[in-house]
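Asker: So that you have it, the file is structure_33.cif, and it contains mmCIF, C-alpha atoms and all ligand atoms:
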```cif
data_protein
loop_
_atom_site.label_atom_id
_atom_site.label_comp_id
_atom_site.auth_asym_id
_atom_site.auth_seq_id
_atom_site.Cartn_x
_atom_site.Cartn_y
_atom_site.Cartn_z
CA MET A 1 74.70 -9.43 -19.69
CA ALA A 2 73.94 -5.72 -19.73
CA HIS A 3 70.82 -4.77 -21.63
CA ILE A 4 70.34 -1.40 -23.25
CA ASN A 5 67.23 0.74 -23.11
CA SER A 6 65.71 -0.60 -26.31
CA ASN A 7 63.38 2.41 -26.52
CA TYR A 8 66.37 4.18 -28.08
CA LEU A 9 65.80 1.96 -31.11
CA ASN A 10 62.49 3.78 -31.60
CA ILE A 11 63.92 7.27 -32.03
CA LYS A 12 65.41 8.73 -35.19
CA GLU A 13 69.11 7.98 -35.51
CA SER A 14 70.11 11.61 -35.19
CA TYR A 15 68.56 14.64 -33.54
CA LEU A 16 66.92 17.04 -36.05
CA PHE A 17 69.42 19.88 -35.67
CA SER A 18 72.38 17.50 -35.87
CA GLU A 19 70.94 16.17 -39.13
CA VAL A 20 70.50 19.71 -40.51
CA ALA A 21 74.09 20.58 -39.51
CA LYS A 22 75.39 17.35 -41.05
CA ARG A 23 73.72 18.06 -44.38
CA ALA A 24 74.82 21.72 -44.39
CA ASN A 25 78.41 20.72 -43.56
CA ALA A 26 78.42 18.10 -46.31
CA TYR A 27 77.25 20.75 -48.81
CA LYS A 28 79.95 23.16 -47.62
CA ALA A 29 82.61 20.45 -47.92
CA GLU A 30 81.58 19.83 -51.53
CA HIS A 31 81.31 23.56 -52.31
CA PRO A 32 84.06 25.26 -50.28
CA GLU A 33 83.56 28.51 -52.23
CA ALA A 34 79.88 28.80 -51.17
CA ASP A 35 79.07 31.48 -48.61
CA VAL A 36 76.53 29.43 -46.66
CA ILE A 37 74.20 31.42 -44.35
CA ARG A 38 72.67 29.45 -41.50
CA LEU A 39 69.13 30.30 -40.45
CA GLY A 40 68.41 26.79 -39.22
CA ILE A 41 68.97 26.15 -35.53
CA GLY A 42 67.66 28.87 -33.23
CA ASP A 43 71.04 29.91 -31.91
CA VAL A 44 71.69 33.52 -30.96
CA THR A 45 74.44 35.66 -32.50
CA ARG A 46 74.43 38.82 -30.33
CA PRO A 47 77.09 38.80 -27.60
CA LEU A 48 76.12 38.85 -23.94
CA CYS A 49 75.15 42.35 -22.87
CA PRO A 50 77.69 44.51 -20.95
CA THR A 51 75.79 44.30 -17.64
CA VAL A 52 75.89 40.50 -17.78
CA ILE A 53 79.58 40.53 -18.69
CA ASP A 54 80.36 42.79 -15.70
CA ALA A 55 78.46 40.46 -13.38
CA LEU A 56 80.27 37.42 -14.80
CA HIS A 57 83.58 39.18 -14.07
CA GLU A 58 82.44 39.87 -10.52
CA GLY A 59 81.60 36.18 -10.19
CA VAL A 60 85.07 35.22 -11.38
CA ASP A 61 86.69 37.67 -8.93
CA ALA A 62 84.65 36.20 -6.08
CA MET A 63 86.09 32.78 -6.90
CA ALA A 64 89.63 34.19 -6.58
CA ALA A 65 89.52 35.08 -2.87
CA THR A 66 89.16 32.74 0.12
CA GLU A 67 86.52 34.97 1.74
CA THR A 68 84.21 34.98 -1.28
CA PHE A 69 85.06 31.67 -2.93
CA LYS A 70 82.09 29.32 -3.54
CA GLY A 71 82.18 25.54 -3.59
CA TYR A 72 79.00 23.52 -4.05
CA GLY A 73 76.01 25.83 -4.21
CA PRO A 74 72.37 25.01 -3.56
CA GLU A 75 71.34 22.50 -6.26
CA GLN A 76 68.15 24.47 -6.92
CA GLY A 77 69.96 27.79 -7.36
CA TYR A 78 71.17 30.70 -5.23
CA ASP A 79 68.56 32.83 -3.47
CA PHE A 80 69.79 36.01 -5.20
CA ILE A 81 68.75 34.79 -8.66
CA LYS A 82 65.53 33.18 -7.43
CA GLU A 83 64.58 36.50 -5.80
CA SER A 84 65.27 38.30 -9.11
CA LEU A 85 63.05 35.81 -10.92
CA LYS A 86 60.34 36.17 -8.30
CA ALA A 87 60.36 39.93 -8.96
CA TYR A 88 60.31 39.30 -12.75
CA TYR A 89 57.20 37.16 -12.39
CA ALA A 90 55.63 39.77 -10.10
CA GLU A 91 55.91 42.23 -13.01
CA LYS A 92 53.65 39.85 -14.96
CA GLY A 93 51.23 39.79 -12.03
CA VAL A 94 52.38 36.32 -10.94
CA ASP A 95 53.16 35.74 -7.27
CA LEU A 96 55.68 32.93 -6.73
CA ASP A 97 57.51 31.64 -3.69
CA LYS A 98 61.25 31.59 -4.37
CA ASP A 99 61.30 27.87 -3.54
CA GLU A 100 58.92 27.21 -6.40
CA ILE A 101 61.76 28.32 -8.74
CA PHE A 102 64.62 25.97 -9.68
CA ILE A 103 67.68 27.18 -11.57
CA SER A 104 69.14 24.80 -14.14
CA ASP A 105 71.45 24.67 -17.13
CA GLY A 106 68.58 25.25 -19.56
CA ALA A 107 64.99 24.45 -20.50
CA LYS A 108 65.90 21.50 -22.74
CA SER A 109 67.57 19.58 -19.89
CA ASP A 110 64.71 20.21 -17.48
CA LEU A 111 62.07 19.33 -20.08
CA GLY A 112 63.76 15.94 -20.39
CA ASN A 113 64.64 15.49 -16.72
CA ILE A 114 61.17 16.32 -15.38
CA LEU A 115 60.01 12.97 -16.78
CA ASP A 116 61.97 11.21 -14.00
CA ILE A 117 59.23 12.14 -11.55
CA PHE A 118 56.29 11.03 -13.70
CA SER A 119 55.14 7.48 -14.34
CA LYS A 120 56.00 5.82 -17.62
CA ASP A 121 52.31 4.85 -17.88
CA ASN A 122 51.24 8.44 -18.47
CA LEU A 123 49.69 9.26 -21.82
CA VAL A 124 51.56 12.17 -23.36
CA LEU A 125 49.91 14.75 -25.59
CA VAL A 126 51.94 16.88 -27.97
CA PRO A 127 50.94 19.13 -30.84
CA ASP A 128 52.15 18.18 -34.30
CA PRO A 129 54.42 19.90 -35.44
CA VAL A 130 56.43 20.01 -32.22
CA TYR A 131 59.88 20.67 -30.74
CA PRO A 132 61.46 17.20 -31.16
CA VAL A 133 62.79 17.08 -27.58
CA TYR A 134 59.28 16.47 -26.19
CA VAL A 135 58.77 13.45 -28.41
CA ASP A 136 62.28 11.99 -28.23
CA THR A 137 62.56 12.19 -24.41
CA ASN A 138 59.22 10.39 -23.97
CA THR A 139 60.06 7.80 -26.61
CA MET A 140 63.32 7.11 -24.75
CA ASP A 141 61.16 6.26 -21.72
CA GLY A 142 58.68 4.21 -23.73
CA ARG A 143 55.67 6.46 -23.02
CA GLU A 144 52.66 6.44 -25.31
CA ILE A 145 52.27 9.69 -27.26
CA ALA A 146 49.09 11.15 -28.74
CA TYR A 147 49.30 13.95 -31.28
CA LEU A 148 47.13 17.01 -31.68
CA GLU A 149 46.67 18.38 -35.16
CA ALA A 150 48.18 21.82 -35.55
CA ASN A 151 47.56 23.23 -38.99
CA GLU A 152 46.73 26.33 -40.97
CA ALA A 153 43.03 25.92 -40.15
CA ASN A 154 43.62 26.31 -36.38
CA GLY A 155 46.48 28.78 -36.81
CA PHE A 156 48.88 26.06 -35.57
CA LEU A 157 47.30 26.47 -32.12
CA PRO A 158 45.42 23.26 -31.36
CA MET A 159 42.84 23.29 -28.58
CA PRO A 160 41.93 20.55 -26.07
CA ASN A 161 40.01 17.51 -27.24
CA TYR A 162 38.08 16.04 -24.31
CA ASP A 163 37.95 12.64 -26.06
CA ILE A 164 41.67 12.27 -25.38
CA LYS A 165 42.43 11.77 -21.68
CA ALA A 166 45.99 13.01 -21.65
CA ASP A 167 48.16 12.92 -18.53
CA LEU A 168 51.15 15.02 -19.59
CA ILE A 169 50.59 17.85 -22.05
CA TYR A 170 53.29 19.89 -23.76
CA LEU A 171 52.47 23.46 -24.74
CA CYS A 172 55.00 25.92 -26.10
CA SER A 173 53.94 29.55 -26.59
CA PRO A 174 55.30 31.47 -28.45
CA ASN A 175 55.63 28.22 -30.27
CA ASN A 176 58.70 26.48 -31.53
CA PRO A 177 58.61 25.77 -34.47
CA THR A 178 55.60 27.78 -35.72
CA GLY A 179 55.94 31.09 -33.87
CA ALA A 180 52.18 31.00 -33.11
CA VAL A 181 51.09 32.39 -29.71
CA TYR A 182 48.13 31.32 -27.54
CA ASN A 183 45.94 34.11 -26.21
CA ARG A 184 44.57 34.17 -22.66
CA GLU A 185 41.22 32.57 -23.52
CA GLN A 186 42.90 29.71 -25.35
CA LEU A 187 45.35 29.04 -22.53
CA ALA A 188 42.48 29.22 -20.03
CA GLU A 189 40.79 26.39 -21.97
CA TRP A 190 43.94 24.29 -21.63
CA VAL A 191 44.19 25.03 -17.92
CA LYS A 192 40.55 23.99 -17.47
CA TYR A 193 41.12 20.77 -19.42
CA ALA A 194 44.20 19.93 -17.33
CA ASN A 195 42.46 20.62 -14.02
CA ASP A 196 39.36 18.67 -15.15
CA ASN A 197 41.48 15.66 -16.11
CA ASN A 198 44.14 15.89 -13.38
CA SER A 199 46.72 16.21 -16.14
CA VAL A 200 49.91 18.24 -15.92
CA ILE A 201 50.83 20.86 -18.51
CA PHE A 202 54.52 21.29 -19.27
CA PHE A 203 54.55 24.90 -20.43
CA ASP A 204 57.63 25.84 -22.41
CA ALA A 205 58.00 29.63 -22.15
CA ALA A 206 61.50 29.80 -23.67
CA TYR A 207 60.42 32.49 -26.16
CA GLU A 208 58.25 34.61 -23.83
CA CYS A 209 60.52 37.65 -24.15
CA PHE A 210 59.51 37.99 -27.81
CA VAL A 211 55.89 38.76 -26.92
CA SER A 212 55.33 42.45 -27.43
CA ASP A 213 51.52 42.56 -27.16
CA PRO A 214 50.68 42.96 -23.45
CA SER A 215 47.34 41.23 -23.95
CA LEU A 216 49.15 37.96 -24.77
CA PRO A 217 50.26 35.78 -21.83
CA ARG A 218 54.01 35.32 -21.23
CA SER A 219 53.59 32.84 -18.41
CA ILE A 220 50.93 30.18 -17.94
CA TYR A 221 50.56 31.38 -14.36
CA GLU A 222 48.92 34.54 -15.71
CA ILE A 223 45.94 32.20 -16.17
CA GLU A 224 43.82 31.50 -13.12
CA GLY A 225 44.03 27.89 -11.97
CA ALA A 226 47.38 27.17 -13.65
CA LYS A 227 49.25 26.61 -10.38
CA THR A 228 47.30 23.42 -9.75
CA CYS A 229 48.09 21.93 -13.15
CA ALA A 230 51.22 23.41 -14.77
CA ILE A 231 54.99 23.38 -14.61
CA GLU A 232 56.73 26.19 -16.49
CA PHE A 233 60.13 25.92 -18.18
CA CYS A 234 62.12 28.90 -19.30
CA SER A 235 65.65 29.86 -20.11
CA PHE A 236 68.09 32.71 -20.50
CA SER A 237 69.16 31.34 -23.88
CA LYS A 238 66.83 33.31 -26.11
CA THR A 239 66.11 36.07 -23.58
CA ALA A 240 69.70 37.04 -22.93
CA GLY A 241 71.91 35.09 -25.32
CA PHE A 242 72.85 32.25 -22.95
CA THR A 243 72.81 29.40 -25.51
CA GLY A 244 76.53 28.88 -24.91
CA THR A 245 76.65 30.09 -21.31
CA ARG A 246 73.77 27.82 -20.16
CA CYS A 247 71.20 28.88 -17.61
CA GLY A 248 67.47 28.25 -17.32
CA TYR A 249 64.74 27.83 -14.74
CA THR A 250 61.72 25.75 -13.98
CA VAL A 251 58.75 26.72 -11.86
CA VAL A 252 57.01 23.95 -9.93
CA PRO A 253 54.19 25.43 -7.83
CA PHE A 254 53.53 24.06 -4.33
CA ASP A 255 49.85 23.73 -5.28
CA LEU A 256 50.58 21.12 -7.93
CA ILE A 257 49.62 17.81 -6.35
CA ARG A 258 49.21 14.46 -8.08
CA ASP A 259 48.68 11.06 -6.43
CA ASP A 260 48.59 12.99 -3.10
CA CYS A 261 52.25 13.96 -3.65
CA VAL A 262 53.58 17.52 -3.80
CA VAL A 263 55.30 17.56 -7.20
CA ASN A 264 57.65 20.37 -6.05
CA LYS A 265 59.11 18.06 -3.36
CA PHE A 266 59.71 15.29 -5.85
CA TRP A 267 61.49 17.68 -8.23
CA LEU A 268 63.62 19.05 -5.38
CA ARG A 269 64.52 15.49 -4.41
CA ARG A 270 65.37 14.65 -8.02
CA GLN A 271 67.51 17.74 -8.51
CA THR A 272 69.40 17.44 -5.20
CA THR A 273 70.21 13.83 -6.08
CA LYS A 274 71.11 14.09 -9.75
CA PHE A 275 72.22 17.71 -10.25
CA ASN A 276 74.86 19.85 -8.57
CA GLY A 277 73.53 23.20 -9.68
CA VAL A 278 74.61 25.86 -12.14
CA SER A 279 77.95 27.56 -11.51
CA TYR A 280 77.93 30.59 -9.22
CA ILE A 281 79.57 32.64 -11.98
CA THR A 282 76.82 31.82 -14.46
CA GLN A 283 74.08 32.57 -11.95
CA LYS A 284 75.70 35.95 -11.20
CA GLY A 285 75.62 36.75 -14.92
CA ALA A 286 72.03 35.55 -15.32
CA ALA A 287 70.76 37.53 -12.32
CA ALA A 288 72.17 40.71 -13.90
CA VAL A 289 69.64 40.31 -16.74
CA PHE A 290 66.98 41.56 -14.31
CA THR A 291 68.72 44.79 -13.29
CA GLU A 292 67.28 47.95 -14.89
CA GLU A 293 70.35 48.28 -17.12
CA GLY A 294 70.29 44.56 -17.96
CA LYS A 295 66.63 44.69 -18.97
CA LYS A 296 67.29 47.66 -21.24
CA GLN A 297 70.24 45.97 -22.90
CA ILE A 298 68.53 42.64 -23.55
CA ALA A 299 65.50 44.49 -24.96
CA GLU A 300 67.85 46.04 -27.53
CA ASN A 301 69.06 42.58 -28.56
CA ILE A 302 65.52 41.27 -28.85
CA ASP A 303 64.58 44.26 -31.01
CA TYR A 304 67.59 43.48 -33.18
CA TYR A 305 66.29 39.94 -33.82
CA LYS A 306 62.78 41.27 -34.39
CA GLN A 307 64.16 43.48 -37.13
CA ASN A 308 65.55 40.33 -38.78
CA ALA A 309 62.15 38.65 -38.46
CA LYS A 310 60.67 41.65 -40.27
CA THR A 311 63.22 41.30 -43.08
CA ILE A 312 62.16 37.67 -43.48
CA THR A 313 58.39 38.23 -43.32
CA GLU A 314 58.56 41.20 -45.71
CA THR A 315 60.30 38.97 -48.26
CA LEU A 316 57.66 36.27 -47.83
CA ASP A 317 54.95 38.92 -48.22
CA ARG A 318 56.47 40.08 -51.50
CA LEU A 319 56.63 36.49 -52.75
CA GLY A 320 53.04 35.80 -51.66
CA ILE A 321 54.11 32.89 -49.44
CA TRP A 322 51.84 31.90 -46.51
CA TYR A 323 53.53 32.12 -43.10
CA CYS A 324 52.91 32.52 -39.39
CA GLY A 325 55.16 33.64 -36.51
CA GLY A 326 57.85 36.28 -36.70
CA LYS A 327 55.88 38.86 -34.76
CA HIS A 328 56.03 37.61 -31.17
CA SER A 329 58.59 34.97 -31.95
CA PRO A 330 62.05 34.57 -33.47
CA TYR A 331 60.71 31.82 -35.76
CA ILE A 332 58.98 32.21 -39.10
CA TRP A 333 57.06 29.16 -40.29
CA PHE A 334 56.02 29.12 -43.92
CA LYS A 335 54.65 26.99 -46.70
CA CYS A 336 57.33 25.74 -49.07
CA PRO A 337 57.09 27.44 -52.47
CA ASP A 338 55.79 25.45 -55.46
CA ASN A 339 54.32 22.74 -53.18
CA MET A 340 57.76 21.37 -52.52
CA GLY A 341 58.33 18.87 -49.72
CA SER A 342 60.27 20.32 -46.79
CA TRP A 343 63.50 18.36 -47.32
CA GLU A 344 63.16 19.04 -51.05
CA PHE A 345 62.94 22.75 -50.27
CA PHE A 346 65.84 22.43 -47.82
CA ASP A 347 68.01 21.17 -50.69
CA ALA A 348 66.67 23.77 -53.15
CA LEU A 349 67.31 26.66 -50.74
CA LEU A 350 70.78 25.39 -49.97
CA GLU A 351 71.69 24.86 -53.60
CA LYS A 352 70.08 27.95 -55.13
CA ALA A 353 70.64 30.46 -52.33
CA ASN A 354 73.23 28.81 -50.06
CA VAL A 355 70.86 29.33 -47.15
CA VAL A 356 70.21 26.73 -44.45
CA GLY A 357 66.82 26.47 -42.74
CA THR A 358 64.94 23.76 -40.88
CA PRO A 359 62.52 21.47 -42.75
CA GLY A 360 59.07 21.46 -41.15
CA GLU A 361 58.89 17.69 -41.53
CA GLY A 362 61.58 17.38 -38.87
CA PHE A 363 59.00 18.65 -36.37
CA GLY A 364 56.31 16.11 -37.29
CA GLU A 365 53.91 14.88 -39.95
CA ASN A 366 52.01 18.17 -40.06
CA GLY A 367 55.24 19.97 -40.78
CA LYS A 368 55.44 18.29 -44.18
CA GLY A 369 55.51 20.98 -46.86
CA TYR A 370 56.48 23.69 -44.35
CA PHE A 371 59.79 25.26 -43.42
CA ARG A 372 61.23 27.25 -40.49
CA LEU A 373 63.66 30.15 -40.58
CA THR A 374 65.15 31.80 -37.52
CA SER A 375 65.71 35.50 -36.96
CA PHE A 376 68.72 34.90 -34.69
CA SER A 377 71.32 35.74 -37.34
CA THR A 378 73.03 39.08 -37.96
CA HIS A 379 71.29 41.88 -39.90
CA GLU A 380 73.83 41.55 -42.71
CA ASN A 381 73.38 37.80 -43.11
CA THR A 382 69.60 37.96 -42.83
CA ILE A 383 69.35 40.68 -45.48
CA GLU A 384 71.73 38.81 -47.78
CA ALA A 385 69.95 35.47 -47.22
CA MET A 386 66.55 36.95 -48.01
CA LYS A 387 67.87 38.74 -51.10
CA ARG A 388 69.09 35.39 -52.40
CA PHE A 389 65.83 33.69 -51.33
CA GLU A 390 63.78 36.26 -53.25
CA LYS A 391 65.92 35.94 -56.34
CA ALA A 392 65.75 32.16 -56.27
CA PHE A 393 62.01 31.79 -55.69
CA SER A 394 60.31 34.77 -57.30
CA LYS A 395 58.04 33.79 -60.18
C1 LIG B 1 65.69 25.37 -32.12
O1 LIG B 1 66.32 25.72 -33.11
O2 LIG B 1 64.56 24.87 -32.19
C2 LIG B 1 66.31 25.64 -30.80
O3 LIG B 1 67.66 25.79 -30.90
C3 LIG B 1 65.92 24.62 -29.87
C4 LIG B 1 66.58 24.69 -28.55
O4 LIG B 1 66.61 25.75 -27.95
O5 LIG B 1 67.04 23.64 -28.11
#
```
Would you mind writing the file's structure down as structure tokens?

Answerer:
Amino acid sequence: MAHINSNYLNIKESYLFSEVAKRANAYKAEHPEADVIRLGIGDVTRPLCPTVIDALHEGVDAMAATETFKGYGPEQGYDFIKESLKAYYAEKGVDLDKDEIFISDGAKSDLGNILDIFSKDNLVLVPDPVYPVYVDTNTMDGREIAYLEANEANGFLPMPNYDIKADLIYLCSPNNPTGAVYNREQLAEWVKYANDNNSVIFFDAAYECFVSDPSLPRSIYEIEGAKTCAIEFCSFSKTAGFTGTRCGYTVVPFDLIRDDCVVNKFWLRRQTTKFNGVSYITQKGAAAVFTEEGKKQIAENIDYYKQNAKTITETLDRLGIWYCGGKHSPYIWFKCPDNMGSWEFFDALLEKANVVGTPGEGFGENGKGYFRLTSFSTHENTIEAMKRFEKAFSK
């Protein structure tokens, strides 16, 4: 008889964003006349920029001729995109070997897949609230998880606790869901903790392009000592609008060694066995993000979303609602008005303003009573949503 992985019985029946979509769709089905605005899942709305589109077309044309056609590519990505990424990191003062960079179909997949090469006995440390993927993927494997309190008192940026001997640590900065950003000194403390304890930090940098203050780190490798203790995950989704196109990358430094094994080699072995790489066409498009023109065009899109974040935070300011994020992040994390619970506020916002957001509780215990809005919508919808929000919740 086949047995299932019973760890799946220990995760919530549906993934947070599927649950939010289900409830929003049910409301829409009951109220077909309602103009529902979705500021829940962090999904982009700006189209791919023209430079990327041109490169995608070039990729398609290459597939049309025998001389330029591509079959299987290198599982870890073509050199041309890894070289572009190497140069991108060099701009941040980080020197990488191109073979420390692995191209994938996105940060979420790699964040889950990386666990293949780590023992199920490892103690996992995650902040609470947290991106549910970190918790769910470890629960699926049956790993023990310890939680770090993130709250208003520590600005939702918890620091290491030497009483907990964690093996695998998840850090996301700028943070999903709170939008809070670690500074250099804080990240340096994490790097020290990880090196002292032989732990590995999984650093999720998916929102790095939203950091506009040059004193804030955009990569963990800007911190001395990080190459011996950290793996970095990033993606083109939020940087360049690839949520539907799919492309990301993971950096596994050669200097990261655990149990006398070079972690980079294990990841290469895992990827070459279980993954056939991202399509040539997609990698052509993604590499174009790093051309001068590409960089200019994606910066315009990021500014567009930042303008939305401003619309949201200005409304919260007027209503006197506590929040963080929104400055170096597309997410705004705030306290639910009138001490409402987060699902209670989800329903109230949907019913009174026809606006969908994400209940903080979906990200963990410490998210109870908080709520997340995303700035990834259009200007028109964000302005309209916040007008309705203000009307519904002003005293
Ligand atoms: C979110 O809304 O938190 C994002 O869509 C997460 C993701 O990128 O998977």

Asker: Check the smallest atom-to-atom distance from each of A:Ser14, A:Thr239, A:Asn183, A:Gln76 to Val44 of chain A using all atoms listed in the file, then report the winner.

Answerer: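 Among the listed residues, the smallest separation from Val44 of chain A belongs to A:Thr239.
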
Asker: Which residues, written as a list of chain:residue names, have at least one atom at most 8 Å from segment 156-166 of chain A, with all atoms listed in the file counted and residues fewer than 4 positions away on the same chain left out?

Answerer: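 The neighbour list is A:Asn122, A:Leu123, A:Val124, A:Leu125, A:Pro127, A:Ala146, A:Leu148, A:Glu149, A:Ala150, A:Asn151, A:Glu152, A:Thr178, A:Ala180, A:Val181, A:Tyr182, A:Gln186, A:Glu189, A:Trp190, A:Tyr193, A:Asn197, A:Ser199.
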
Asker: Name the closest residue to Glu365 of chain A among the candidates A:Tyr304, A:Leu319, A:Lys310, A:Tyr147; distances are taken between atoms, counting only C-alpha atoms.

Answerer: A:Tyr147

Asker: When distances are computed from only C-alpha atoms and all ligand atoms, which of A:Cys172, A:Ala34, A:Ala226, A:Ala287 shows the smallest separation from ligand LIG 1 (chain B)?

Answerer: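 Once distances to ligand LIG 1 (chain B) are computed over only C-alpha atoms and all ligand atoms, the minimum belongs to A:Cys172.
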
Asker: Could you work out how far atom CA of Val133 of chain A lies from atom CA of Asn10 of chain A, giving the answer in Å with one decimal?

Answerer: 13.9 Å

Asker: Would you save segment 259-266 of chain A from the block above with all heavy atoms, as a PDB file, in the first residue's frame?

Answerer:
```pdb
ATOM      1  N   ASP A 259      29.030  20.362   7.220  1.00  0.00           N
ATOM      2  CA  ASP A 259      29.355  18.929   7.268  1.00  0.00           C
ATOM      3  C   ASP A 259      30.460  18.595   6.253  1.00  0.00           C
ATOM      4  O   ASP A 259      30.401  17.556   5.580  1.00  0.00           O
ATOM      5  CB  ASP A 259      28.114  18.063   6.966  1.00  0.00           C
ATOM      6  CG  ASP A 259      27.090  18.103   8.084  1.00  0.00           C
ATOM      7  OD1 ASP A 259      27.469  18.379   9.235  1.00  0.00           O
ATOM      8  OD2 ASP A 259      25.903  17.862   7.797  1.00  0.00           O
ATOM      9  N   ASP A 260      31.428  19.480   6.113  1.00  0.00           N
ATOM     10  CA  ASP A 260      32.550  19.309   5.168  1.00  0.00           C
ATOM     11  C   ASP A 260      32.097  19.218   3.705  1.00  0.00           C
ATOM     12  O   ASP A 260      32.866  18.766   2.851  1.00  0.00           O
ATOM     13  CB  ASP A 260      33.390  18.051   5.515  1.00  0.00           C
ATOM     14  CG  ASP A 260      34.060  18.201   6.870  1.00  0.00           C
ATOM     15  OD1 ASP A 260      34.448  19.333   7.213  1.00  0.00           O
ATOM     16  OD2 ASP A 260      34.163  17.180   7.585  1.00  0.00           O
ATOM     17  N   CYS A 261      30.873  19.585   3.402  1.00  0.00           N
ATOM     18  CA  CYS A 261      30.384  19.523   2.018  1.00  0.00           C
ATOM     19  C   CYS A 261      30.209  20.940   1.480  1.00  0.00           C
ATOM     20  O   CYS A 261      29.737  21.834   2.198  1.00  0.00           O
ATOM     21  CB  CYS A 261      29.035  18.821   1.940  1.00  0.00           C
ATOM     22  SG  CYS A 261      29.126  17.139   2.543  1.00  0.00           S
ATOM     23  N   VAL A 262      30.564  21.119   0.207  1.00  0.00           N
ATOM     24  CA  VAL A 262      30.370  22.417  -0.444  1.00  0.00           C
ATOM     25  C   VAL A 262      28.895  22.483  -0.863  1.00  0.00           C
ATOM     26  O   VAL A 262      28.454  21.717  -1.733  1.00  0.00           O
ATOM     27  CB  VAL A 262      31.303  22.566  -1.667  1.00  0.00           C
ATOM     28  CG1 VAL A 262      31.081  23.897  -2.370  1.00  0.00           C
ATOM     29  CG2 VAL A 262      32.751  22.409  -1.244  1.00  0.00           C
ATOM     30  N   VAL A 263      28.148  23.358  -0.236  1.00  0.00           N
ATOM     31  CA  VAL A 263      26.692  23.407  -0.448  1.00  0.00           C
ATOM     32  C   VAL A 263      26.376  23.697  -1.928  1.00  0.00           C
ATOM     33  O   VAL A 263      25.440  23.139  -2.499  1.00  0.00           O
ATOM     34  CB  VAL A 263      26.049  24.449   0.504  1.00  0.00           C
ATOM     35  CG1 VAL A 263      24.572  24.606   0.241  1.00  0.00           C
ATOM     36  CG2 VAL A 263      26.292  24.050   1.960  1.00  0.00           C
ATOM     37  N   ASN A 264      27.209  24.536  -2.560  1.00  0.00           N
ATOM     38  CA  ASN A 264      27.022  24.873  -3.980  1.00  0.00           C
ATOM     39  C   ASN A 264      26.972  23.606  -4.844  1.00  0.00           C
ATOM     40  O   ASN A 264      26.143  23.484  -5.744  1.00  0.00           O
ATOM     41  CB  ASN A 264      28.170  25.799  -4.417  1.00  0.00           C
ATOM     42  CG  ASN A 264      28.095  26.190  -5.877  1.00  0.00           C
ATOM     43  OD1 ASN A 264      28.289  25.357  -6.755  1.00  0.00           O
ATOM     44  ND2 ASN A 264      27.810  27.462  -6.154  1.00  0.00           N
ATOM     45  N   LYS A 265      27.853  22.644  -4.546  1.00  0.00           N
ATOM     46  CA  LYS A 265      27.913  21.401  -5.344  1.00  0.00           C
ATOM     47  C   LYS A 265      26.649  20.581  -5.172  1.00  0.00           C
ATOM     48  O   LYS A 265      26.144  19.980  -6.111  1.00  0.00           O
ATOM     49  CB  LYS A 265      29.104  20.556  -4.873  1.00  0.00           C
ATOM     50  CG  LYS A 265      30.397  20.928  -5.498  1.00  0.00           C
ATOM     51  CD  LYS A 265      31.378  19.788  -5.318  1.00  0.00           C
ATOM     52  CE  LYS A 265      32.662  20.080  -6.043  1.00  0.00           C
ATOM     53  NZ  LYS A 265      33.753  19.228  -5.586  1.00  0.00           N
ATOM     54  N   PHE A 266      26.148  20.570  -3.933  1.00  0.00           N
ATOM     55  CA  PHE A 266      24.921  19.810  -3.665  1.00  0.00           C
ATOM     56  C   PHE A 266      23.742  20.436  -4.416  1.00  0.00           C
ATOM     57  O   PHE A 266      22.901  19.749  -4.955  1.00  0.00           O
ATOM     58  CB  PHE A 266      24.615  19.794  -2.153  1.00  0.00           C
ATOM     59  CG  PHE A 266      25.281  18.681  -1.422  1.00  0.00           C
ATOM     60  CD1 PHE A 266      26.628  18.390  -1.622  1.00  0.00           C
ATOM     61  CD2 PHE A 266      24.571  17.896  -0.522  1.00  0.00           C
ATOM     62  CE1 PHE A 266      27.252  17.353  -0.938  1.00  0.00           C
ATOM     63  CE2 PHE A 266      25.184  16.856   0.164  1.00  0.00           C
ATOM     64  CZ  PHE A 266      26.520  16.585  -0.035  1.00  0.00           C
TER      65      PHE A 266
END
```
